[in-house]
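Text of the file work.cif, holding mmCIF, C-alpha atoms (C1' of nucleotides):
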```cif
data_entry
loop_
_atom_site.group_PDB
_atom_site.id
_atom_site.type_symbol
_atom_site.label_atom_id
_atom_site.label_comp_id
_atom_site.auth_asym_id
_atom_site.auth_seq_id
_atom_site.Cartn_x
_atom_site.Cartn_y
_atom_site.Cartn_z
ATOM 1 C CA MET R 1 -40.723 -41.303 19.940
ATOM 2 C CA ASN R 2 -44.069 -40.723 21.643
ATOM 3 C CA LYS R 3 -45.072 -39.343 25.021
ATOM 4 C CA LYS R 4 -45.220 -42.749 26.672
ATOM 5 C CA GLU R 5 -41.762 -43.797 25.552
ATOM 6 C CA ALA R 6 -40.374 -40.435 26.607
ATOM 7 C CA ILE R 7 -41.814 -40.753 30.107
ATOM 8 C CA PHE R 8 -40.376 -44.247 30.360
ATOM 9 C CA LEU R 9 -36.957 -42.868 29.445
ATOM 10 C CA LEU R 10 -37.299 -40.090 32.008
ATOM 11 C CA ASN R 11 -38.124 -42.494 34.838
ATOM 12 C CA LYS R 12 -35.508 -45.010 33.791
ATOM 13 C CA ASN R 13 -32.901 -42.293 34.208
ATOM 14 C CA GLY R 14 -34.145 -41.144 37.591
ATOM 15 C CA TYR R 15 -36.017 -38.037 36.470
ATOM 16 C CA LYS R 16 -39.525 -37.243 37.621
ATOM 17 C CA THR R 17 -42.583 -36.816 35.471
ATOM 18 C CA THR R 18 -43.929 -33.439 36.383
ATOM 19 C CA LYS R 19 -46.957 -31.741 34.910
ATOM 20 C CA ARG R 20 -44.722 -29.333 33.047
ATOM 21 C CA ARG R 21 -42.643 -32.106 31.539
ATOM 22 C CA LYS R 22 -45.757 -33.864 30.335
ATOM 23 C CA ASP R 23 -47.052 -30.659 28.783
ATOM 24 C CA ILE R 24 -43.762 -30.119 26.995
ATOM 25 C CA LEU R 25 -44.105 -33.582 25.509
ATOM 26 C CA ASP R 26 -47.680 -32.794 24.446
ATOM 27 C CA PHE R 27 -46.460 -29.666 22.738
ATOM 28 C CA PHE R 28 -43.896 -31.522 20.654
ATOM 29 C CA ALA R 29 -46.176 -34.476 19.996
ATOM 30 C CA ASN R 30 -48.718 -32.119 18.434
ATOM 31 C CA ALA R 31 -46.144 -29.919 16.712
ATOM 32 C CA ASP R 32 -45.094 -32.520 14.170
ATOM 33 C CA GLY R 33 -42.121 -30.439 13.211
ATOM 34 C CA TYR R 34 -39.411 -28.098 14.470
ATOM 35 C CA ARG R 35 -40.155 -25.550 17.202
ATOM 36 C CA THR R 36 -38.067 -22.957 19.056
ATOM 37 C CA ALA R 37 -37.579 -22.497 22.790
ATOM 38 C CA LYS R 38 -39.612 -19.317 22.450
ATOM 39 C CA GLU R 39 -42.571 -21.100 20.885
ATOM 40 C CA LEU R 40 -42.510 -23.702 23.617
ATOM 41 C CA ASN R 41 -42.315 -21.012 26.268
ATOM 42 C CA ASP R 42 -45.322 -19.187 24.785
ATOM 43 C CA PHE R 43 -47.286 -22.410 24.957
ATOM 44 C CA MET R 44 -46.236 -23.046 28.536
ATOM 45 C CA GLU R 45 -47.080 -19.497 29.573
ATOM 46 C CA SER R 46 -50.597 -20.052 28.299
ATOM 47 C CA ARG R 47 -50.877 -22.909 30.794
ATOM 48 C CA TYR R 48 -48.900 -21.738 33.787
ATOM 49 C CA GLU R 49 -48.957 -18.415 35.491
ATOM 50 C CA GLY R 50 -45.355 -17.341 35.967
ATOM 51 C CA ILE R 51 -43.511 -20.243 34.389
ATOM 52 C CA SER R 52 -39.912 -19.277 33.741
ATOM 53 C CA PHE R 53 -37.700 -19.653 30.745
ATOM 54 C CA ASP R 54 -35.146 -21.614 32.717
ATOM 55 C CA THR R 55 -37.586 -24.492 33.116
ATOM 56 C CA VAL R 56 -38.057 -24.531 29.374
ATOM 57 C CA TYR R 57 -34.326 -24.450 28.692
ATOM 58 C CA ARG R 58 -33.496 -27.014 31.345
ATOM 59 C CA ASN R 59 -36.030 -29.465 29.997
ATOM 60 C CA LEU R 60 -35.132 -28.904 26.371
ATOM 61 C CA HIS R 61 -31.560 -29.658 27.291
ATOM 62 C CA LEU R 62 -32.564 -32.738 29.274
ATOM 63 C CA TYR R 63 -34.808 -34.108 26.548
ATOM 64 C CA HIS R 64 -32.112 -33.546 24.005
ATOM 65 C CA GLU R 65 -29.586 -35.342 26.162
ATOM 66 C CA LEU R 66 -31.922 -38.300 26.655
ATOM 67 C CA GLY R 67 -32.558 -38.542 22.934
ATOM 68 C CA ILE R 68 -36.221 -37.601 23.234
ATOM 69 C CA LEU R 69 -35.774 -34.467 21.147
ATOM 70 C CA GLU R 70 -33.477 -33.727 18.257
ATOM 71 C CA GLY R 71 -32.245 -30.245 17.456
ATOM 72 C CA THR R 72 -31.165 -28.225 14.467
ATOM 73 C CA GLU R 73 -30.379 -24.654 13.545
ATOM 74 C CA LEU R 74 -32.944 -22.962 11.285
ATOM 75 C CA LYS R 75 -32.833 -19.301 10.302
ATOM 76 C CA GLY R 76 -30.293 -18.580 13.027
ATOM 77 C CA GLU R 77 -32.378 -20.089 15.836
ATOM 78 C CA LYS R 78 -32.207 -23.447 17.558
ATOM 79 C CA HIS R 79 -35.206 -25.638 16.816
ATOM 80 C CA PHE R 80 -36.281 -28.931 18.351
ATOM 81 C CA ARG R 81 -38.596 -31.714 17.359
ATOM 82 C CA MET R 82 -39.627 -35.077 18.738
ATOM 83 C CA LYS R 83 -37.048 -37.582 17.614
ATOM 84 C CA CYS R 84 -38.306 -40.150 15.158
ATOM 85 C CA GLY R 85 -36.194 -43.105 15.953
ATOM 86 C CA ASP R 86 -37.214 -45.942 13.664
ATOM 87 C CA HIS R 87 -34.524 -45.883 11.011
ATOM 88 C CA HIS R 88 -32.015 -43.426 9.633
ATOM 89 C CA HIS R 89 -33.491 -40.755 7.390
ATOM 90 C CA HIS R 90 -33.534 -37.022 6.650
ATOM 91 C CA HIS R 91 -36.150 -34.293 6.416
ATOM 92 C CA PHE R 92 -37.746 -31.693 4.280
ATOM 93 C CA ILE R 93 -38.476 -28.773 6.636
ATOM 94 C CA CYS R 94 -41.037 -26.071 5.888
ATOM 95 C CA ASN R 95 -39.597 -22.579 6.294
ATOM 96 C CA ASP R 96 -42.965 -21.227 7.401
ATOM 97 C CA CYS R 97 -44.552 -23.727 9.759
ATOM 98 C CA GLY R 98 -41.579 -25.913 10.657
ATOM 99 C CA LYS R 99 -43.369 -29.132 9.830
ATOM 100 C CA THR R 100 -41.292 -31.907 8.366
ATOM 101 C CA LYS R 101 -41.595 -34.612 5.763
ATOM 102 C CA LYS R 102 -39.439 -37.678 5.953
ATOM 103 C CA LEU R 103 -37.013 -38.256 3.087
ATOM 104 C CA ASP R 104 -36.003 -41.861 2.701
ATOM 105 C CA ILE R 105 -32.793 -41.077 0.925
ATOM 106 C CA CYS R 106 -29.355 -40.830 2.435
ATOM 107 C CA PRO R 107 -26.416 -39.821 0.259
ATOM 108 C CA MET R 108 -23.754 -41.172 2.574
ATOM 109 C CA ASP R 109 -23.019 -44.455 0.815
ATOM 110 C CA GLU R 110 -21.824 -42.643 -2.263
ATOM 111 C CA VAL R 111 -20.005 -40.040 -0.209
ATOM 112 C CA GLU R 112 -18.019 -42.367 2.003
ATOM 113 C CA ALA R 113 -16.329 -43.739 -1.074
ATOM 114 C CA LEU R 114 -14.873 -40.246 -1.648
ATOM 115 C CA LEU R 115 -13.444 -39.990 1.860
ATOM 116 C CA LYS R 116 -10.951 -42.796 2.086
ATOM 117 C CA ASN R 117 -8.499 -41.183 4.503
ATOM 118 C CA PHE R 118 -11.059 -39.196 6.444
ATOM 119 C CA GLN R 119 -12.812 -40.424 9.566
ATOM 120 C CA VAL R 120 -16.508 -39.724 9.144
ATOM 121 C CA ILE R 121 -18.320 -39.048 12.419
ATOM 122 C CA GLY R 122 -21.640 -37.583 11.323
ATOM 123 C CA HIS R 123 -23.542 -35.754 8.653
ATOM 124 C CA LYS R 124 -26.468 -33.442 8.116
ATOM 125 C CA PHE R 125 -28.793 -33.350 5.169
ATOM 126 C CA GLU R 126 -31.804 -31.066 5.256
ATOM 127 C CA VAL R 127 -34.045 -29.689 2.529
ATOM 128 C CA TYR R 128 -35.838 -26.381 3.061
ATOM 129 C CA GLY R 129 -38.822 -24.811 1.363
ATOM 130 C CA LEU R 130 -42.572 -24.455 1.631
ATOM 131 C CA CYS R 131 -44.974 -27.276 2.296
ATOM 132 C CA PRO R 132 -48.202 -27.394 0.262
ATOM 133 C CA VAL R 133 -50.226 -25.712 3.010
ATOM 134 C CA CYS R 134 -47.855 -22.783 3.446
ATOM 135 C CA GLN R 135 -47.562 -22.290 -0.329
ATOM 136 C CA ASN R 136 -51.284 -21.604 -0.507
ATOM 137 C CA ALA R 137 -51.248 -19.392 2.564
ATOM 138 C CA SER R 138 -48.781 -16.975 0.983
ATOM 139 C CA MET B 139 -13.767 -16.204 -4.100
ATOM 140 C CA ASN B 140 -10.389 -14.587 -3.547
ATOM 141 C CA LYS B 141 -9.269 -11.336 -1.978
ATOM 142 C CA LYS B 142 -9.241 -9.426 -5.238
ATOM 143 C CA GLU B 143 -12.759 -10.425 -6.213
ATOM 144 C CA ALA B 144 -13.973 -9.599 -2.737
ATOM 145 C CA ILE B 145 -12.505 -6.102 -2.849
ATOM 146 C CA PHE B 146 -14.090 -5.575 -6.244
ATOM 147 C CA LEU B 147 -17.464 -6.536 -4.798
ATOM 148 C CA LEU B 148 -16.952 -4.217 -1.850
ATOM 149 C CA ASN B 149 -16.212 -1.226 -4.052
ATOM 150 C CA LYS B 150 -18.933 -2.032 -6.521
ATOM 151 C CA ASN B 151 -21.437 -1.794 -3.659
ATOM 152 C CA GLY B 152 -20.068 1.460 -2.317
ATOM 153 C CA TYR B 153 -18.085 0.068 0.602
ATOM 154 C CA LYS B 154 -14.563 1.129 1.329
ATOM 155 C CA THR B 155 -11.493 -1.052 1.430
ATOM 156 C CA THR B 156 -9.980 -0.431 4.819
ATOM 157 C CA LYS B 157 -6.917 -2.060 6.261
ATOM 158 C CA ARG B 158 -9.074 -4.104 8.642
ATOM 159 C CA ARG B 159 -11.283 -5.362 5.841
ATOM 160 C CA LYS B 160 -8.268 -6.461 3.853
ATOM 161 C CA ASP B 161 -6.856 -8.265 6.866
ATOM 162 C CA ILE B 162 -10.142 -10.059 7.415
ATOM 163 C CA LEU B 163 -9.972 -11.276 3.846
ATOM 164 C CA ASP B 164 -6.395 -12.432 4.383
ATOM 165 C CA PHE B 165 -7.485 -14.364 7.423
ATOM 166 C CA PHE B 166 -10.167 -16.265 5.532
ATOM 167 C CA ALA B 167 -8.023 -16.726 2.446
ATOM 168 C CA ASN B 168 -5.412 -18.490 4.573
ATOM 169 C CA ALA B 169 -7.896 -20.363 6.746
ATOM 170 C CA ASP B 170 -9.064 -22.714 4.028
ATOM 171 C CA GLY B 171 -12.004 -23.785 6.173
ATOM 172 C CA TYR B 172 -14.578 -22.668 8.694
ATOM 173 C CA ARG B 173 -13.676 -20.133 11.400
ATOM 174 C CA THR B 174 -15.611 -18.450 14.212
ATOM 175 C CA ALA B 175 -16.016 -14.752 14.971
ATOM 176 C CA LYS B 176 -13.860 -15.353 18.031
ATOM 177 C CA GLU B 177 -11.025 -16.837 15.999
ATOM 178 C CA LEU B 178 -11.149 -13.904 13.609
ATOM 179 C CA ASN B 179 -11.176 -11.459 16.496
ATOM 180 C CA ASP B 180 -8.113 -13.112 18.052
ATOM 181 C CA PHE B 181 -6.294 -12.739 14.765
ATOM 182 C CA MET B 182 -7.321 -9.109 14.463
ATOM 183 C CA GLU B 183 -6.301 -8.355 18.040
ATOM 184 C CA SER B 184 -2.826 -9.623 17.211
ATOM 185 C CA ARG B 185 -2.622 -6.923 14.532
ATOM 186 C CA TYR B 186 -4.501 -3.995 16.037
ATOM 187 C CA GLU B 187 -4.282 -2.555 19.487
ATOM 188 C CA GLY B 188 -7.818 -2.119 20.759
ATOM 189 C CA ILE B 189 -9.797 -3.443 17.832
ATOM 190 C CA SER B 190 -13.341 -4.119 18.912
ATOM 191 C CA PHE B 191 -15.630 -7.067 18.409
ATOM 192 C CA ASP B 192 -18.249 -4.901 16.713
ATOM 193 C CA THR B 193 -15.934 -4.304 13.768
ATOM 194 C CA VAL B 194 -15.523 -8.043 13.420
ATOM 195 C CA TYR B 195 -19.258 -8.680 13.629
ATOM 196 C CA ARG B 196 -20.171 -5.840 11.307
ATOM 197 C CA ASN B 197 -17.787 -7.025 8.656
ATOM 198 C CA LEU B 198 -18.703 -10.682 8.976
ATOM 199 C CA HIS B 199 -22.290 -9.649 8.451
ATOM 200 C CA LEU B 200 -21.400 -7.455 5.493
ATOM 201 C CA TYR B 201 -19.239 -10.089 3.818
ATOM 202 C CA HIS B 202 -21.950 -12.648 4.307
ATOM 203 C CA GLU B 203 -24.527 -10.332 2.782
ATOM 204 C CA LEU B 204 -22.327 -9.641 -0.225
ATOM 205 C CA GLY B 205 -21.760 -13.347 -0.777
ATOM 206 C CA ILE B 206 -18.066 -13.150 0.016
ATOM 207 C CA LEU B 207 -18.387 -15.478 2.997
ATOM 208 C CA GLU B 208 -20.696 -18.383 3.632
ATOM 209 C CA GLY B 209 -21.770 -19.415 7.108
ATOM 210 C CA THR B 210 -22.818 -22.530 8.942
ATOM 211 C CA GLU B 211 -23.482 -23.707 12.476
ATOM 212 C CA LEU B 212 -20.873 -26.110 13.859
ATOM 213 C CA LYS B 213 -20.864 -27.375 17.439
ATOM 214 C CA GLY B 214 -23.313 -24.659 18.462
ATOM 215 C CA GLU B 215 -21.233 -21.802 17.079
ATOM 216 C CA LYS B 216 -21.520 -19.820 13.887
ATOM 217 C CA HIS B 217 -18.622 -20.439 11.519
ATOM 218 C CA PHE B 218 -17.669 -18.687 8.306
ATOM 219 C CA ARG B 219 -15.500 -19.494 5.345
ATOM 220 C CA MET B 220 -14.606 -17.889 2.068
ATOM 221 C CA LYS B 221 -17.294 -18.776 -0.410
ATOM 222 C CA CYS B 222 -16.148 -21.059 -3.194
ATOM 223 C CA GLY B 223 -18.365 -20.031 -6.010
ATOM 224 C CA ASP B 224 -17.404 -22.093 -9.036
ATOM 225 C CA HIS B 225 -20.126 -24.719 -9.098
ATOM 226 C CA HIS B 226 -22.579 -26.222 -6.665
ATOM 227 C CA HIS B 227 -21.079 -28.687 -4.198
ATOM 228 C CA HIS B 228 -20.927 -29.693 -0.534
ATOM 229 C CA HIS B 229 -18.217 -30.193 2.072
ATOM 230 C CA PHE B 230 -16.601 -32.553 4.467
ATOM 231 C CA ILE B 231 -15.708 -30.434 7.511
ATOM 232 C CA CYS B 232 -13.067 -31.435 10.045
ATOM 233 C CA ASN B 233 -14.381 -31.238 13.605
ATOM 234 C CA ASP B 234 -10.933 -30.321 14.901
ATOM 235 C CA CYS B 235 -9.385 -27.835 12.523
ATOM 236 C CA GLY B 236 -12.415 -26.697 10.534
ATOM 237 C CA LYS B 237 -10.768 -27.319 7.187
ATOM 238 C CA THR B 238 -12.984 -28.532 4.393
ATOM 239 C CA LYS B 239 -12.814 -30.950 1.506
ATOM 240 C CA LYS B 240 -15.071 -30.493 -1.443
ATOM 241 C CA LEU B 241 -17.579 -33.254 -2.152
ATOM 242 C CA ASP B 242 -18.711 -33.354 -5.746
ATOM 243 C CA ILE B 243 -21.952 -35.108 -4.965
ATOM 244 C CA CYS B 244 -25.337 -33.525 -4.493
ATOM 245 C CA PRO B 245 -28.287 -35.687 -3.553
ATOM 246 C CA MET B 246 -30.927 -33.190 -4.650
ATOM 247 C CA ASP B 247 -31.795 -34.694 -8.028
ATOM 248 C CA GLU B 248 -33.053 -37.850 -6.402
ATOM 249 C CA VAL B 249 -34.724 -35.928 -3.603
ATOM 250 C CA GLU B 250 -36.701 -33.486 -5.724
ATOM 251 C CA ALA B 251 -38.544 -36.401 -7.240
ATOM 252 C CA LEU B 252 -39.923 -37.169 -3.783
ATOM 253 C CA LEU B 253 -41.191 -33.639 -3.236
ATOM 254 C CA LYS B 254 -43.748 -33.108 -5.953
ATOM 255 C CA ASN B 255 -46.080 -30.736 -4.084
ATOM 256 C CA PHE B 256 -43.390 -29.037 -2.048
ATOM 257 C CA GLN B 257 -41.556 -25.910 -3.086
ATOM 258 C CA VAL B 258 -37.860 -26.511 -2.527
ATOM 259 C CA ILE B 259 -35.929 -23.357 -1.687
ATOM 260 C CA GLY B 260 -32.620 -24.659 -0.396
ATOM 261 C CA HIS B 261 -30.769 -27.502 1.175
ATOM 262 C CA LYS B 262 -27.800 -28.296 3.366
ATOM 263 C CA PHE B 263 -25.569 -31.307 3.171
ATOM 264 C CA GLU B 264 -22.493 -31.477 5.364
ATOM 265 C CA VAL B 265 -20.295 -34.352 6.456
ATOM 266 C CA TYR B 266 -18.377 -34.113 9.732
ATOM 267 C CA GLY B 267 -15.387 -35.989 11.065
ATOM 268 C CA LEU B 268 -11.615 -35.843 11.300
ATOM 269 C CA CYS B 269 -9.307 -35.032 8.450
ATOM 270 C CA PRO B 270 -6.130 -37.140 8.059
ATOM 271 C CA VAL B 271 -3.965 -34.553 9.843
ATOM 272 C CA CYS B 272 -6.218 -34.304 12.892
ATOM 273 C CA GLN B 273 -6.586 -38.056 13.140
ATOM 274 C CA ASN B 274 -2.869 -38.385 13.632
ATOM 275 C CA ALA B 275 -2.714 -35.513 16.072
ATOM 276 C CA SER B 276 -5.116 -37.196 18.472
ATOM 277 C "C1'" DA V 277 -38.700 -38.241 53.928
ATOM 278 C "C1'" DT V 278 -35.763 -37.620 50.378
ATOM 279 C "C1'" DA V 279 -34.354 -36.297 46.049
ATOM 280 C "C1'" DC V 280 -35.401 -33.968 42.172
ATOM 281 C "C1'" DA V 281 -37.853 -29.781 39.873
ATOM 282 C "C1'" DT V 282 -39.088 -25.103 39.746
ATOM 283 C "C1'" DG V 283 -39.123 -19.927 40.096
ATOM 284 C "C1'" DC V 284 -36.629 -16.090 41.002
ATOM 285 C "C1'" DA V 285 -32.893 -13.181 40.464
ATOM 286 C "C1'" DA V 286 -28.662 -12.604 38.917
ATOM 287 C "C1'" DA V 287 -24.798 -13.902 36.016
ATOM 288 C "C1'" DC V 288 -22.996 -14.759 31.635
ATOM 289 C "C1'" DA V 289 -22.227 -14.878 26.691
ATOM 290 C "C1'" DA V 290 -23.020 -13.502 22.090
ATOM 291 C "C1'" DT V 291 -24.473 -9.929 19.244
ATOM 292 C "C1'" DT V 292 -26.245 -5.294 18.064
ATOM 293 C "C1'" DT V 293 -26.856 -0.225 18.338
ATOM 294 C "C1'" DG V 294 -26.053 5.031 18.886
ATOM 295 C "C1'" DC V 295 -22.959 8.298 18.659
ATOM 296 C "C1'" DA V 296 -18.638 10.886 18.395
ATOM 297 C "C1'" DT V 297 -14.303 10.456 16.037
ATOM 298 C "C1'" DA V 298 -11.260 8.778 12.426
ATOM 299 C "C1'" DT V 299 -10.452 7.288 7.783
ATOM 300 C "C1'" DT V 300 -11.181 6.463 2.756
ATOM 301 C "C1'" DA V 301 -12.434 7.879 -1.836
ATOM 302 C "C1'" DT J 302 -15.186 17.364 1.789
ATOM 303 C "C1'" DA J 303 -18.452 14.106 1.984
ATOM 304 C "C1'" DA J 304 -19.557 9.621 3.036
ATOM 305 C "C1'" DT J 305 -18.315 5.506 5.180
ATOM 306 C "C1'" DA J 306 -15.782 2.856 9.014
ATOM 307 C "C1'" DT J 307 -14.361 2.362 13.629
ATOM 308 C "C1'" DG J 308 -14.099 2.302 18.806
ATOM 309 C "C1'" DC J 309 -16.391 2.871 22.838
ATOM 310 C "C1'" DA J 310 -20.025 2.123 25.877
ATOM 311 C "C1'" DA J 311 -24.384 0.623 26.544
ATOM 312 C "C1'" DA J 312 -28.388 -2.029 25.208
ATOM 313 C "C1'" DT J 313 -30.387 -6.328 23.666
ATOM 314 C "C1'" DT J 314 -31.004 -11.160 23.304
ATOM 315 C "C1'" DG J 315 -30.337 -15.876 24.353
ATOM 316 C "C1'" DT J 316 -28.919 -19.002 27.776
ATOM 317 C "C1'" DT J 317 -27.151 -20.663 32.264
ATOM 318 C "C1'" DT J 318 -26.472 -20.815 37.394
ATOM 319 C "C1'" DG J 319 -27.159 -20.687 42.674
ATOM 320 C "C1'" DC J 320 -30.247 -21.014 45.972
ATOM 321 C "C1'" DA J 321 -34.519 -21.346 48.607
ATOM 322 C "C1'" DT J 322 -38.934 -23.432 48.093
ATOM 323 C "C1'" DG J 323 -42.207 -26.708 46.088
ATOM 324 C "C1'" DT J 324 -43.433 -31.333 44.385
ATOM 325 C "C1'" DA J 325 -43.086 -36.252 42.925
ATOM 326 C "C1'" DT J 326 -41.742 -40.732 44.390
#
```

Show me, as structure tokens, the structure contained in the file I just sent.
Amino acid sequence: MNKKEAIFLLNKNGYKTTKRRKDILDFFANADGYRTAKELNDFMESRYEGISFDTVYRNLHLYHELGILEGTELKGEKHFRMKCGDHHHHHFICNDCGKTKKLDICPMDEVEALLKNFQVIGHKFEVYGLCPVCQNAS
Amino acid sequence: MNKKEAIFLLNKNGYKTTKRRKDILDFFANADGYRTAKELNDFMESRYEGISFDTVYRNLHLYHELGILEGTELKGEKHFRMKCGDHHHHHFICNDCGKTKKLDICPMDEVEALLKNFQVIGHKFEVYGLCPVCQNAS
DNA sequence: ATACATGCAAACAATTTGCATATTA
DNA sequence: TAATATGCAAATTGTTTGCATGTAT
């Protein structure tokens, strides 16, 4: 997902492209990894005098609903990143900077065979650690 | 982990075995799956007039710290279950009842090969869906 | 012009803390 | 009895809502 596609999705669903919404997309486009509502709000505060947390939350929720962002829970906090929608995959996620690396492995084929009488609806596979950059920093 | 081992761990670390703590262990021993703080509190309220949420939270936190319980985020809420400590594995988790089925597959061997310059610290692999019982119920 | 978006304030929910009292070892 | 656990009330944090005003289409 990139900014242009996201704006198309917004308009298609009857939502307006405001300056704030575009800046939120810029933030995630540059982030290249998982970010919290707080981090986004800090960024937005640096651009707008008196922006409020509700705008941040409302738009995070909207973007998540529209499939522009995907969310996960890291270290007890909700994190979001731009959804990468090409094909199914999982991520390595850096504990320090939140950046991600795509993992082109999915264990579900093997697993489904073990779950004959169970209805599988979804799954989560995430690997955590330190990326090369953050290893050197610490 | 069973109740006896948990109490041993409590004492070993200088914590006392109160009636409430034993009941919390009973709750998780019978649950056989993931439960929320709210569900535990409801159970405790049925046994104690005027028990307070802080006792529940404090003990969940303590048990988690001691490795008696393990936690995960399901449907936006923190859930806990008795830790099963024999050998490394993952779980199928029923979206309805929270019960789990052990999955004796771990995809990490394959994955580590992809992460040569990354320091892997942990991982999460969970499968969600409906167990046979809950499929019939709905 | 109309409908949607935002800021503000307030509400709400989940979780944590300080302190006096009660309980365990 | 000495140290830990609990209940209560209040504080903290994260998130959501109603409403008047502002802005995009």

- Task: Could you please select, counting all atoms listed in the file, the residues of chain J within 10 Å of chain B and state them as number ranges by chain?
- Result: J: 304-309

- Would you translate the PyMOL selection byres ((chain R) within 6 of (chain B)) into the concrete set of residues it matches in this file, as a PyMOL selection string? chain R and resi 107+117-132

- All residues 10 Å or closer to segment 311-313 of chain J, all atoms listed in the file, same chain fewer than 5 positions away omitted, as a ChimeraX atom specification: /V:291-294

- Message: Take the PyMOL selection byres ((chain V) within 9 of (chain R)), run it mentally on this structure, and tell me the resulting residues as a PyMOL selection string.
- Response: chain V and resi 280-284

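Listed by chain and then by number, the residues chosen by the PyMOL selection byres ((chain R and resi 69) around 7) in this file are Tyr63, His64, Gly67, Ile68, Glu70, Gly71, Phe80, Arg81, Met82 and Lys83 of chain R.
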